[in-house]
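S.K.: Sharing run.pdb, PDB, C-alpha atoms and all ligand atoms:
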MODEL        1
ATOM      1  CA  MET A  24     -90.224  95.011  88.403  1.00  0.00           C
ATOM      2  CA  ALA A  25     -86.818  93.403  87.919  1.00  0.00           C
ATOM      3  CA  GLY A  26     -83.929  95.321  89.476  1.00  0.00           C
ATOM      4  CA  LYS A  27     -80.829  96.517  87.692  1.00  0.00           C
ATOM      5  CA  PRO A  28     -78.593  93.855  86.178  1.00  0.00           C
ATOM      6  CA  LYS A  29     -75.690  93.097  88.514  1.00  0.00           C
ATOM      7  CA  LEU A  30     -72.332  92.492  86.876  1.00  0.00           C
ATOM      8  CA  HIS A  31     -69.779  90.276  88.623  1.00  0.00           C
ATOM      9  CA  TYR A  32     -66.239  90.663  87.346  1.00  0.00           C
ATOM     10  CA  PHE A  33     -62.841  92.091  88.172  1.00  0.00           C
ATOM     11  CA  ASN A  34     -62.319  95.828  88.339  1.00  0.00           C
ATOM     12  CA  GLY A  35     -61.200  96.015  84.755  1.00  0.00           C
ATOM     13  CA  ARG A  36     -62.444  95.808  81.235  1.00  0.00           C
ATOM     14  CA  GLY A  37     -61.562  92.310  80.046  1.00  0.00           C
ATOM     15  CA  ARG A  38     -64.457  90.138  78.929  1.00  0.00           C
ATOM     16  CA  MET A  39     -67.103  92.114  80.802  1.00  0.00           C
ATOM     17  CA  GLU A  40     -66.516  95.266  78.801  1.00  0.00           C
ATOM     18  CA  SER A  41     -68.621  94.292  75.777  1.00  0.00           C
ATOM     19  CA  ILE A  42     -71.514  93.553  78.136  1.00  0.00           C
ATOM     20  CA  ARG A  43     -71.166  96.989  79.719  1.00  0.00           C
ATOM     21  CA  TRP A  44     -71.147  98.631  76.278  1.00  0.00           C
ATOM     22  CA  LEU A  45     -74.274  96.811  75.224  1.00  0.00           C
ATOM     23  CA  LEU A  46     -76.171  97.742  78.372  1.00  0.00           C
ATOM     24  CA  ALA A  47     -75.034 101.359  78.118  1.00  0.00           C
ATOM     25  CA  ALA A  48     -76.089 101.543  74.465  1.00  0.00           C
ATOM     26  CA  ALA A  49     -79.489 100.119  75.404  1.00  0.00           C
ATOM     27  CA  GLY A  50     -79.816 102.792  78.094  1.00  0.00           C
ATOM     28  CA  VAL A  51     -79.889 100.202  80.885  1.00  0.00           C
ATOM     29  CA  GLU A  52     -78.414 101.116  84.241  1.00  0.00           C
ATOM     30  CA  PHE A  53     -76.412  98.393  85.914  1.00  0.00           C
ATOM     31  CA  GLU A  54     -74.578  97.640  89.134  1.00  0.00           C
ATOM     32  CA  GLU A  55     -71.067  96.290  89.379  1.00  0.00           C
ATOM     33  CA  LYS A  56     -69.823  93.872  92.000  1.00  0.00           C
ATOM     34  CA  PHE A  57     -66.072  93.761  91.637  1.00  0.00           C
ATOM     35  CA  ILE A  58     -64.080  90.719  92.702  1.00  0.00           C
ATOM     36  CA  GLU A  59     -61.255  92.438  94.520  1.00  0.00           C
ATOM     37  CA  THR A  60     -59.690  90.001  96.933  1.00  0.00           C
ATOM     38  CA  ARG A  61     -58.787  86.360  96.963  1.00  0.00           C
ATOM     39  CA  GLU A  62     -61.615  85.828  99.464  1.00  0.00           C
ATOM     40  CA  ASP A  63     -64.133  87.386  97.025  1.00  0.00           C
ATOM     41  CA  TRP A  64     -62.860  85.129  94.267  1.00  0.00           C
ATOM     42  CA  ASP A  65     -62.901  81.958  96.383  1.00  0.00           C
ATOM     43  CA  ARG A  66     -66.360  82.775  97.723  1.00  0.00           C
ATOM     44  CA  ILE A  67     -68.023  83.338  94.371  1.00  0.00           C
ATOM     45  CA  ARG A  68     -66.426  80.251  92.879  1.00  0.00           C
ATOM     46  CA  LYS A  69     -67.558  78.058  95.759  1.00  0.00           C
ATOM     47  CA  ASP A  70     -71.069  79.387  96.371  1.00  0.00           C
ATOM     48  CA  GLY A  71     -72.507  77.862  93.195  1.00  0.00           C
ATOM     49  CA  SER A  72     -73.117  81.188  91.419  1.00  0.00           C
ATOM     50  CA  LEU A  73     -70.741  80.432  88.566  1.00  0.00           C
ATOM     51  CA  MET A  74     -71.773  77.487  86.422  1.00  0.00           C
ATOM     52  CA  TYR A  75     -68.212  76.921  85.164  1.00  0.00           C
ATOM     53  CA  GLN A  76     -66.371  78.729  87.978  1.00  0.00           C
ATOM     54  CA  GLN A  77     -65.681  81.550  85.568  1.00  0.00           C
ATOM     55  CA  VAL A  78     -66.692  85.162  85.198  1.00  0.00           C
ATOM     56  CA  PRO A  79     -68.227  87.293  83.633  1.00  0.00           C
ATOM     57  CA  MET A  80     -71.452  86.521  85.475  1.00  0.00           C
ATOM     58  CA  VAL A  81     -74.527  88.729  85.241  1.00  0.00           C
ATOM     59  CA  GLU A  82     -77.549  88.537  87.502  1.00  0.00           C
ATOM     60  CA  ILE A  83     -80.426  89.550  85.299  1.00  0.00           C
ATOM     61  CA  ASP A  84     -84.169  88.871  85.298  1.00  0.00           C
ATOM     62  CA  GLY A  85     -83.853  86.208  87.992  1.00  0.00           C
ATOM     63  CA  MET A  86     -81.016  84.349  86.224  1.00  0.00           C
ATOM     64  CA  LYS A  87     -77.324  84.047  86.936  1.00  0.00           C
ATOM     65  CA  LEU A  88     -75.948  84.044  83.416  1.00  0.00           C
ATOM     66  CA  VAL A  89     -72.380  83.119  82.502  1.00  0.00           C
ATOM     67  CA  GLN A  90     -70.582  82.796  79.152  1.00  0.00           C
ATOM     68  CA  THR A  91     -69.978  86.193  77.587  1.00  0.00           C
ATOM     69  CA  ARG A  92     -71.713  85.433  74.293  1.00  0.00           C
ATOM     70  CA  ALA A  93     -74.808  84.028  76.013  1.00  0.00           C
ATOM     71  CA  ILE A  94     -75.056  87.161  78.140  1.00  0.00           C
ATOM     72  CA  ILE A  95     -74.547  89.444  75.144  1.00  0.00           C
ATOM     73  CA  ASN A  96     -77.171  87.604  73.131  1.00  0.00           C
ATOM     74  CA  TYR A  97     -79.743  87.786  75.909  1.00  0.00           C
ATOM     75  CA  ILE A  98     -79.235  91.533  76.342  1.00  0.00           C
ATOM     76  CA  ALA A  99     -79.273  92.099  72.572  1.00  0.00           C
ATOM     77  CA  ASN A 100     -82.509  90.108  72.214  1.00  0.00           C
ATOM     78  CA  LYS A 101     -84.144  91.844  75.124  1.00  0.00           C
ATOM     79  CA  HIS A 102     -83.287  95.331  73.896  1.00  0.00           C
ATOM     80  CA  ASN A 103     -83.947  94.840  70.234  1.00  0.00           C
ATOM     81  CA  LEU A 104     -80.303  94.941  69.177  1.00  0.00           C
ATOM     82  CA  TYR A 105     -80.384  91.618  67.335  1.00  0.00           C
ATOM     83  CA  GLY A 106     -81.933  92.293  63.942  1.00  0.00           C
ATOM     84  CA  LYS A 107     -85.480  91.832  62.742  1.00  0.00           C
ATOM     85  CA  ASP A 108     -85.341  88.323  61.280  1.00  0.00           C
ATOM     86  CA  MET A 109     -83.223  85.185  60.935  1.00  0.00           C
ATOM     87  CA  LYS A 110     -81.150  86.519  58.059  1.00  0.00           C
ATOM     88  CA  GLU A 111     -80.313  89.744  59.853  1.00  0.00           C
ATOM     89  CA  ARG A 112     -79.373  87.741  62.934  1.00  0.00           C
ATOM     90  CA  ALA A 113     -77.102  85.500  60.845  1.00  0.00           C
ATOM     91  CA  LEU A 114     -75.260  88.544  59.487  1.00  0.00           C
ATOM     92  CA  ILE A 115     -75.065  90.147  62.914  1.00  0.00           C
ATOM     93  CA  ASP A 116     -73.566  86.938  64.354  1.00  0.00           C
ATOM     94  CA  MET A 117     -71.106  86.650  61.478  1.00  0.00           C
ATOM     95  CA  TYR A 118     -69.871  90.212  62.050  1.00  0.00           C
ATOM     96  CA  VAL A 119     -69.790  89.844  65.827  1.00  0.00           C
ATOM     97  CA  GLU A 120     -67.690  86.665  65.612  1.00  0.00           C
ATOM     98  CA  GLY A 121     -65.144  88.491  63.436  1.00  0.00           C
ATOM     99  CA  VAL A 122     -65.089  91.372  65.896  1.00  0.00           C
ATOM    100  CA  ALA A 123     -64.606  88.867  68.741  1.00  0.00           C
ATOM    101  CA  ASP A 124     -61.652  87.179  67.014  1.00  0.00           C
ATOM    102  CA  LEU A 125     -59.691  90.437  66.809  1.00  0.00           C
ATOM    103  CA  ASN A 126     -60.951  91.720  70.145  1.00  0.00           C
ATOM    104  CA  GLU A 127     -59.734  88.557  71.866  1.00  0.00           C
ATOM    105  CA  MET A 128     -56.209  89.470  70.696  1.00  0.00           C
ATOM    106  CA  THR A 129     -56.526  92.899  72.344  1.00  0.00           C
ATOM    107  CA  ILE A 130     -57.957  91.410  75.559  1.00  0.00           C
ATOM    108  CA  VAL A 131     -55.082  88.970  76.038  1.00  0.00           C
ATOM    109  CA  PHE A 132     -52.422  91.424  74.795  1.00  0.00           C
ATOM    110  CA  PRO A 133     -51.502  92.898  78.224  1.00  0.00           C
ATOM    111  CA  VAL A 134     -50.522  89.504  79.644  1.00  0.00           C
ATOM    112  CA  HIS A 135     -47.841  88.679  77.069  1.00  0.00           C
ATOM    113  CA  PRO A 136     -44.258  88.972  78.316  1.00  0.00           C
ATOM    114  CA  PRO A 137     -42.267  91.947  76.944  1.00  0.00           C
ATOM    115  CA  GLY A 138     -40.413  90.033  74.197  1.00  0.00           C
ATOM    116  CA  VAL A 139     -43.619  88.502  72.849  1.00  0.00           C
ATOM    117  CA  LYS A 140     -45.611  91.729  73.075  1.00  0.00           C
ATOM    118  CA  GLU A 141     -43.955  93.284  70.028  1.00  0.00           C
ATOM    119  CA  THR A 142     -44.843  90.307  67.858  1.00  0.00           C
ATOM    120  CA  LYS A 143     -48.412  90.246  69.179  1.00  0.00           C
ATOM    121  CA  LEU A 144     -48.787  93.969  68.561  1.00  0.00           C
ATOM    122  CA  SER A 145     -47.613  93.540  64.956  1.00  0.00           C
ATOM    123  CA  GLU A 146     -50.149  90.752  64.529  1.00  0.00           C
ATOM    124  CA  ILE A 147     -52.961  92.940  65.863  1.00  0.00           C
ATOM    125  CA  LYS A 148     -51.921  95.831  63.588  1.00  0.00           C
ATOM    126  CA  ASP A 149     -51.695  93.563  60.580  1.00  0.00           C
ATOM    127  CA  LYS A 150     -54.998  91.761  61.190  1.00  0.00           C
ATOM    128  CA  ALA A 151     -56.811  95.038  61.842  1.00  0.00           C
ATOM    129  CA  LYS A 152     -55.420  96.815  58.792  1.00  0.00           C
ATOM    130  CA  ASN A 153     -55.453  94.009  56.283  1.00  0.00           C
ATOM    131  CA  ARG A 154     -58.230  91.681  57.344  1.00  0.00           C
ATOM    132  CA  TYR A 155     -60.936  92.931  59.701  1.00  0.00           C
ATOM    133  CA  PHE A 156     -61.137  96.702  59.175  1.00  0.00           C
ATOM    134  CA  PRO A 157     -61.301  96.480  55.353  1.00  0.00           C
ATOM    135  CA  ALA A 158     -63.967  93.772  55.665  1.00  0.00           C
ATOM    136  CA  PHE A 159     -66.198  95.935  57.886  1.00  0.00           C
ATOM    137  CA  GLU A 160     -65.524  99.071  55.832  1.00  0.00           C
ATOM    138  CA  LYS A 161     -66.657  97.123  52.761  1.00  0.00           C
ATOM    139  CA  VAL A 162     -69.860  95.997  54.479  1.00  0.00           C
ATOM    140  CA  LEU A 163     -70.720  99.573  55.448  1.00  0.00           C
ATOM    141  CA  LYS A 164     -69.954 100.814  51.947  1.00  0.00           C
ATOM    142  CA  SER A 165     -72.014  98.228  50.127  1.00  0.00           C
ATOM    143  CA  HIS A 166     -74.836  98.368  52.657  1.00  0.00           C
ATOM    144  CA  GLY A 167     -75.056 102.152  52.309  1.00  0.00           C
ATOM    145  CA  GLN A 168     -76.536 102.676  55.781  1.00  0.00           C
ATOM    146  CA  ASP A 169     -75.231 104.098  59.034  1.00  0.00           C
ATOM    147  CA  TYR A 170     -75.396 100.585  60.474  1.00  0.00           C
ATOM    148  CA  LEU A 171     -73.834  97.245  59.581  1.00  0.00           C
ATOM    149  CA  VAL A 172     -77.144  95.380  59.309  1.00  0.00           C
ATOM    150  CA  GLY A 173     -80.618  96.624  58.340  1.00  0.00           C
ATOM    151  CA  ASN A 174     -81.339 100.249  59.103  1.00  0.00           C
ATOM    152  CA  LYS A 175     -81.050 100.007  62.836  1.00  0.00           C
ATOM    153  CA  LEU A 176     -78.402  99.786  65.526  1.00  0.00           C
ATOM    154  CA  SER A 177     -77.486  96.233  66.504  1.00  0.00           C
ATOM    155  CA  LYS A 178     -75.015  94.533  68.788  1.00  0.00           C
ATOM    156  CA  ALA A 179     -72.681  94.287  65.765  1.00  0.00           C
ATOM    157  CA  ASP A 180     -72.268  98.089  65.561  1.00  0.00           C
ATOM    158  CA  ILE A 181     -71.768  98.416  69.298  1.00  0.00           C
ATOM    159  CA  LEU A 182     -69.162  95.680  69.583  1.00  0.00           C
ATOM    160  CA  LEU A 183     -67.361  96.890  66.463  1.00  0.00           C
ATOM    161  CA  VAL A 184     -67.037 100.377  67.944  1.00  0.00           C
ATOM    162  CA  GLU A 185     -65.689  98.895  71.168  1.00  0.00           C
ATOM    163  CA  LEU A 186     -63.130  97.010  69.071  1.00  0.00           C
ATOM    164  CA  LEU A 187     -62.126 100.188  67.204  1.00  0.00           C
ATOM    165  CA  TYR A 188     -61.318 101.891  70.503  1.00  0.00           C
ATOM    166  CA  ASN A 189     -59.400  98.871  71.786  1.00  0.00           C
ATOM    167  CA  VAL A 190     -57.275  98.661  68.652  1.00  0.00           C
ATOM    168  CA  GLU A 191     -56.727 102.428  68.480  1.00  0.00           C
ATOM    169  CA  GLU A 192     -55.533 102.350  72.061  1.00  0.00           C
ATOM    170  CA  LEU A 193     -52.759  99.969  71.046  1.00  0.00           C
ATOM    171  CA  ASN A 194     -52.225 101.531  67.632  1.00  0.00           C
ATOM    172  CA  PRO A 195     -53.324 105.171  67.412  1.00  0.00           C
ATOM    173  CA  GLY A 196     -54.515 106.056  63.939  1.00  0.00           C
ATOM    174  CA  ALA A 197     -55.478 102.461  63.153  1.00  0.00           C
ATOM    175  CA  THR A 198     -58.784 103.599  61.657  1.00  0.00           C
ATOM    176  CA  ALA A 199     -57.324 106.563  59.754  1.00  0.00           C
ATOM    177  CA  SER A 200     -57.852 105.041  56.325  1.00  0.00           C
ATOM    178  CA  PHE A 201     -61.331 103.695  57.112  1.00  0.00           C
ATOM    179  CA  PRO A 202     -63.734 106.670  56.983  1.00  0.00           C
ATOM    180  CA  LEU A 203     -66.921 104.646  57.378  1.00  0.00           C
ATOM    181  CA  LEU A 204     -65.586 102.896  60.459  1.00  0.00           C
ATOM    182  CA  GLN A 205     -64.662 106.263  61.918  1.00  0.00           C
ATOM    183  CA  ALA A 206     -68.164 107.538  61.199  1.00  0.00           C
ATOM    184  CA  LEU A 207     -69.654 104.666  63.213  1.00  0.00           C
ATOM    185  CA  LYS A 208     -68.381 106.291  66.392  1.00  0.00           C
ATOM    186  CA  PRO A 209     -71.066 108.654  67.609  1.00  0.00           C
ATOM    187  CA  GLU A 210     -68.633 111.103  69.147  1.00  0.00           C
ATOM    188  CA  GLY A 211     -68.915 114.722  70.076  1.00  0.00           C
ATOM    189  CA  ILE A 212     -71.943 114.520  72.316  1.00  0.00           C
ATOM    190  CA  THR A 213     -71.822 117.016  75.179  1.00  0.00           C
ATOM    191  CA  ASP A 214     -72.800 116.605  78.826  1.00  0.00           C
ATOM    192  CA  ARG A 215     -75.705 118.982  78.229  1.00  0.00           C
ATOM    193  CA  GLU A 216     -77.017 116.909  75.335  1.00  0.00           C
ATOM    194  CA  VAL A 217     -76.815 113.829  77.531  1.00  0.00           C
ATOM    195  CA  GLN A 218     -78.871 115.529  80.237  1.00  0.00           C
ATOM    196  CA  GLU A 219     -81.413 116.819  77.770  1.00  0.00           C
ATOM    197  CA  GLY A 220     -81.619 113.539  75.877  1.00  0.00           C
ATOM    198  CA  ALA A 221     -79.856 113.603  72.543  1.00  0.00           C
ATOM    199  CA  SER A 222     -81.927 113.792  69.404  1.00  0.00           C
ATOM    200  CA  SER A 223     -79.539 112.349  66.822  1.00  0.00           C
ATOM    201  CA  PRO A 224     -80.398 109.069  65.085  1.00  0.00           C
ATOM    202  CA  PHE A 225     -77.863 107.530  67.433  1.00  0.00           C
ATOM    203  CA  SER A 226     -79.566 109.106  70.415  1.00  0.00           C
ATOM    204  CA  SER A 227     -79.423 106.422  73.099  1.00  0.00           C
ATOM    205  CA  TRP A 228     -76.320 104.946  71.522  1.00  0.00           C
ATOM    206  CA  ALA A 229     -74.505 108.274  71.756  1.00  0.00           C
ATOM    207  CA  VAL A 230     -75.621 108.741  75.329  1.00  0.00           C
ATOM    208  CA  GLY A 231     -74.572 105.183  76.169  1.00  0.00           C
ATOM    209  CA  LEU A 232     -71.193 105.681  74.564  1.00  0.00           C
ATOM    210  CA  HIS A 233     -70.678 108.912  76.437  1.00  0.00           C
ATOM    211  CA  LEU A 234     -71.534 107.213  79.721  1.00  0.00           C
ATOM    212  CA  ILE A 235     -69.307 104.252  79.107  1.00  0.00           C
ATOM    213  CA  LYS A 236     -66.349 106.428  78.170  1.00  0.00           C
ATOM    214  CA  SER A 237     -66.763 108.892  81.016  1.00  0.00           C
ATOM    215  CA  ARG A 238     -67.190 106.449  83.883  1.00  0.00           C
ATOM    216  CA  THR A 239     -64.464 105.814  86.393  1.00  0.00           C
ATOM    217  CA  LEU A 240     -63.397 102.315  85.476  1.00  0.00           C
ATOM    218  CA  PRO A 241     -59.645 101.777  85.091  1.00  0.00           C
ATOM    219  CA  THR A 242     -58.471 102.975  81.730  1.00  0.00           C
ATOM    220  CA  ASP A 243     -56.128 100.089  80.993  1.00  0.00           C
ATOM    221  CA  ILE A 244     -57.423  96.931  79.397  1.00  0.00           C
ATOM    222  CA  VAL A 245     -57.034  94.768  82.461  1.00  0.00           C
ATOM    223  CA  ASN A 246     -56.444  91.209  81.539  1.00  0.00           C
ATOM    224  CA  CYS A 247     -58.438  88.666  83.500  1.00  0.00           C
ATOM    225  CA  SER A 248     -55.631  86.073  83.600  1.00  0.00           C
ATOM    226  CA  SER A 249     -53.275  88.485  85.329  1.00  0.00           C
ATOM    227  CA  LYS A 250     -55.999  89.392  87.832  1.00  0.00           C
ATOM    228  CA  ILE A 251     -56.604  85.717  88.539  1.00  0.00           C
ATOM    229  CA  GLN A 252     -52.878  85.075  88.969  1.00  0.00           C
ATOM    230  CA  ILE A 253     -52.724  87.862  91.548  1.00  0.00           C
ATOM    231  CA  LEU A 254     -55.838  86.672  93.369  1.00  0.00           C
ATOM    232  CA  SER A 255     -54.616  83.059  93.427  1.00  0.00           C
ATOM    233  CA  ARG A 256     -51.293  83.782  95.117  1.00  0.00           C
TER     234      ARG A 256
HETATM  235  N1  LIG B 301     -65.948  81.240  77.562  1.00  0.00           N
HETATM  236  C1  LIG B 301     -65.997  82.043  78.767  1.00  0.00           C
HETATM  237  C2  LIG B 301     -64.580  82.287  79.264  1.00  0.00           C
HETATM  238  C3  LIG B 301     -64.606  82.998  80.581  1.00  0.00           C
HETATM  239  C4  LIG B 301     -63.229  83.139  81.191  1.00  0.00           C
HETATM  240  O1  LIG B 301     -62.210  82.622  80.702  1.00  0.00           O
HETATM  241  N2  LIG B 301     -63.215  83.852  82.285  1.00  0.00           N
HETATM  242  C5  LIG B 301     -62.012  84.036  83.047  1.00  0.00           C
HETATM  243  C6  LIG B 301     -61.925  85.483  83.482  1.00  0.00           C
HETATM  244  S1  LIG B 301     -61.842  86.600  82.115  1.00  0.00           S
HETATM  245  C7  LIG B 301     -62.112  83.165  84.290  1.00  0.00           C
HETATM  246  O2  LIG B 301     -63.055  83.268  85.026  1.00  0.00           O
HETATM  247  N3  LIG B 301     -61.114  82.302  84.501  1.00  0.00           N
HETATM  248  C8  LIG B 301     -61.057  81.458  85.643  1.00  0.00           C
HETATM  249  C9  LIG B 301     -60.942  80.019  85.274  1.00  0.00           C
HETATM  250  O3  LIG B 301     -61.095  79.690  84.084  1.00  0.00           O
HETATM  251  O4  LIG B 301     -60.698  79.225  86.174  1.00  0.00           O
HETATM  252  C10 LIG B 301     -66.709  83.364  78.484  1.00  0.00           C
HETATM  253  O5  LIG B 301     -66.635  83.827  77.331  1.00  0.00           O
HETATM  254  O6  LIG B 301     -67.336  83.922  79.370  1.00  0.00           O
ENDMDL
END
Re-express the file's structure as structure tokens.
Ligand SMILES: N[C@@H](CCC(=O)N[C@@H](CS)C(=O)NCC(=O)O)C(=O)O
M.R.:
Amino acid sequence: MAGKPKLHYFNGRGRMESIRWLLAAAGVEFEEKFIETREDWDRIRKDGSLMYQQVPMVEIDGMKLVQTRAIINYIANKHNLYGKDMKERALIDMYVEGVADLNEMTIVFPVHPPGVKETKLSEIKDKAKNRYFPAFEKVLKSHGQDYLVGNKLSKADILLVELLYNVEELNPGATASFPLLQALKPEGITDREVQEGASSPFSSWAVGLHLIKSRTLPTDIVNCSSKIQILSR
């Protein structure tokens, strides 16, 4: 049997975080190999493990996969989080790309210099409130289900919830006027329910979310560029 997926990245959220969320939601245990020193970084870039000398890299099912989207898509396919047919997959991809556009702004936010940060924060607030959140709220409303696509959890729901937390971290209350987005977050699960196996429709999703939010990773959104700058000195 294949071992646990092994995640190679910095000790921070950055681009690996969506992959962690997806695995957690699918109930898959994984190992982390953090790149912590310049030697670690030089070694992994030179030993041929990274096709483009970039992380995230995930060792999974005998492959060394890079490119965040490729990794996400493989995990989503493998764990049935990618819709039931071509049309559902098209919608899921369309939603995920929108999520990624706004999420990218939150991932790079910490690296902006102080003067620029205020402008970038206003942009994130504006795009969330006036473009992306209303669009996803509308999808949920017209679809009339607990999920964005079909009647089943997909990578779109998972990555949207990750985005909601990232935006709320920068702008508390950002989802206040979007009740259906708020309802997507399967919160309130207790440690006991996790141990016993939750029985809500979100069961493994709720357990995954609980695990991902209660683990001991750093709580700041660590930007990969700043990590690389430090490791390259
Ligand atoms: N398109 C790639 C971008 C990966 C990327 O930019 N990774 C950064 C860390 S977050 C990196 O390894 N940078 C080193 C470099 O580009 O030399 C993906 O989505 O995985």
S.K.: Name the residues captured by the PyMOL selection byres (((chain A and resi 202) around 12) and not hetatm) when it is applied to the shown file; answer as a PyMOL selection string.
M.R.: chain A and resi 156-157+159-161+163-164+169+196-201+203-208
S.K.: Within 12 Å of Ser145 in chain A, counting all atoms listed in the file, which residues qualify if same-chain residues fewer than 5 places away don't, as a ChimeraX atom specification?
M.R.: /A:128-129,132,139-140,150-153,190,193-194
S.K.: List the spatial neighbours of range 88-99 of chain A as a compact mmCIF listing (two decimals) with C-alpha atoms, keeping the file's coordinate frame - criterion: any atom at most 10 Å away, only C-alpha atoms, same-chain residues fewer than 5 positions off excluded.
M.R.:
# COMPACT_ATOMS: atom_id res chain seq x y z
CA LEU A 30 -72.33 92.49 86.88
CA HIS A 31 -69.78 90.28 88.62
CA ARG A 38 -64.46 90.14 78.93
CA MET A 39 -67.10 92.11 80.80
CA GLU A 40 -66.52 95.27 78.80
CA SER A 41 -68.62 94.29 75.78
CA ILE A 42 -71.51 93.55 78.14
CA ARG A 43 -71.17 96.99 79.72
CA TRP A 44 -71.15 98.63 76.28
CA LEU A 45 -74.27 96.81 75.22
CA LEU A 46 -76.17 97.74 78.37
CA ALA A 49 -79.49 100.12 75.40
CA VAL A 51 -79.89 100.20 80.89
CA SER A 72 -73.12 81.19 91.42
CA LEU A 73 -70.74 80.43 88.57
CA MET A 74 -71.77 77.49 86.42
CA TYR A 75 -68.21 76.92 85.16
CA GLN A 76 -66.37 78.73 87.98
CA GLN A 77 -65.68 81.55 85.57
CA VAL A 78 -66.69 85.16 85.20
CA PRO A 79 -68.23 87.29 83.63
CA MET A 80 -71.45 86.52 85.48
CA VAL A 81 -74.53 88.73 85.24
CA GLU A 82 -77.55 88.54 87.50
CA ILE A 83 -80.43 89.55 85.30
CA LEU A 104 -80.30 94.94 69.18
CA TYR A 105 -80.38 91.62 67.33
CA GLY A 106 -81.93 92.29 63.94
CA ASP A 116 -73.57 86.94 64.35
CA VAL A 119 -69.79 89.84 65.83
CA GLU A 120 -67.69 86.66 65.61
CA ALA A 123 -64.61 88.87 68.74
CA SER A 177 -77.49 96.23 66.50
CA LYS A 178 -75.02 94.53 68.79
CA ALA A 179 -72.68 94.29 65.76
CA LEU A 182 -69.16 95.68 69.58
S.K.: How many Å separate CA of Leu186 in chain A from CA of Asn126 in chain A?
M.R.: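 Atom-to-atom, CA of Leu186 in chain A to CA of Asn126 in chain A, that is 5.8 Å.
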S.K.: In Å, rounded to a single decimal, give me how far CA of Met109 in chain A is from CA of Asn189 in chain A.
M.R.: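 CA of Met109 in chain A lies 29.5 Å from CA of Asn189 in chain A.
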S.K.: Run the PyMOL selection byres (((chain A and resi 64) around 10) and not hetatm) mentally over the shown coordinates, then write out the matched residues as a list of chain:residue names, using the chain letters and numbers from the document.
M.R.: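 Answer for the PyMOL selection byres (((chain A and resi 64) around 10) and not hetatm): A:Tyr32, A:Phe33, A:Phe57, A:Ile58, A:Glu59, A:Thr60, A:Arg61, A:Glu62, A:Asp63, A:Asp65, A:Arg66, A:Ile67, A:Arg68, A:Lys69, A:Gln76, A:Gln77, A:Val78, A:Ile251, A:Leu254, A:Ser255.
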S.K.: What is the CA of Lys107 in chain A-CA of Tyr170 in chain A distance in Å, reported with one decimal?
M.R.: 13.5 Å
S.K.: So, with all atoms listed in the file as the atoms that count, which of A:Pro195, A:Gly121, A:Gly37, A:Gly167 lies closest to ligand LIG 301 (chain B)?
M.R.: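 Checking each candidate against ligand LIG 301 (chain B), we get A:Gly37 as the closest.
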S.K.: Return the single residue from A:Glu55, A:Lys101, A:Asp84, A:Asp124 that is closest to ligand LIG 301 (chain B), with distances computed using only C-alpha atoms and all ligand atoms.
M.R.: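 Using only C-alpha atoms and all ligand atoms, ligand LIG 301 (chain B) sits closest to A:Asp124.
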S.K.: Take every atom of ligand LIG 301 (chain B) listed in the file, pad by 3 Å on each side, and give me the axis-aligned box centre and edge lengths in Å, one decimal, as lines of an AutoDock Vina configuration file.
M.R.:
center_x = -64.0
center_y = 82.9
center_z = 81.8
size_x = 12.6
size_y = 13.4
size_z = 14.8
S.K.: Pick the closest to ligand LIG 301 (chain B) from A:Leu176, A:Ala158, A:Ala47, A:Val134: which is it, counting all atoms listed in the file?
M.R.: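 Going through A:Leu176, A:Ala158, A:Ala47, A:Val134 one by one, the smallest distance to ligand LIG 301 (chain B) is for A:Val134.
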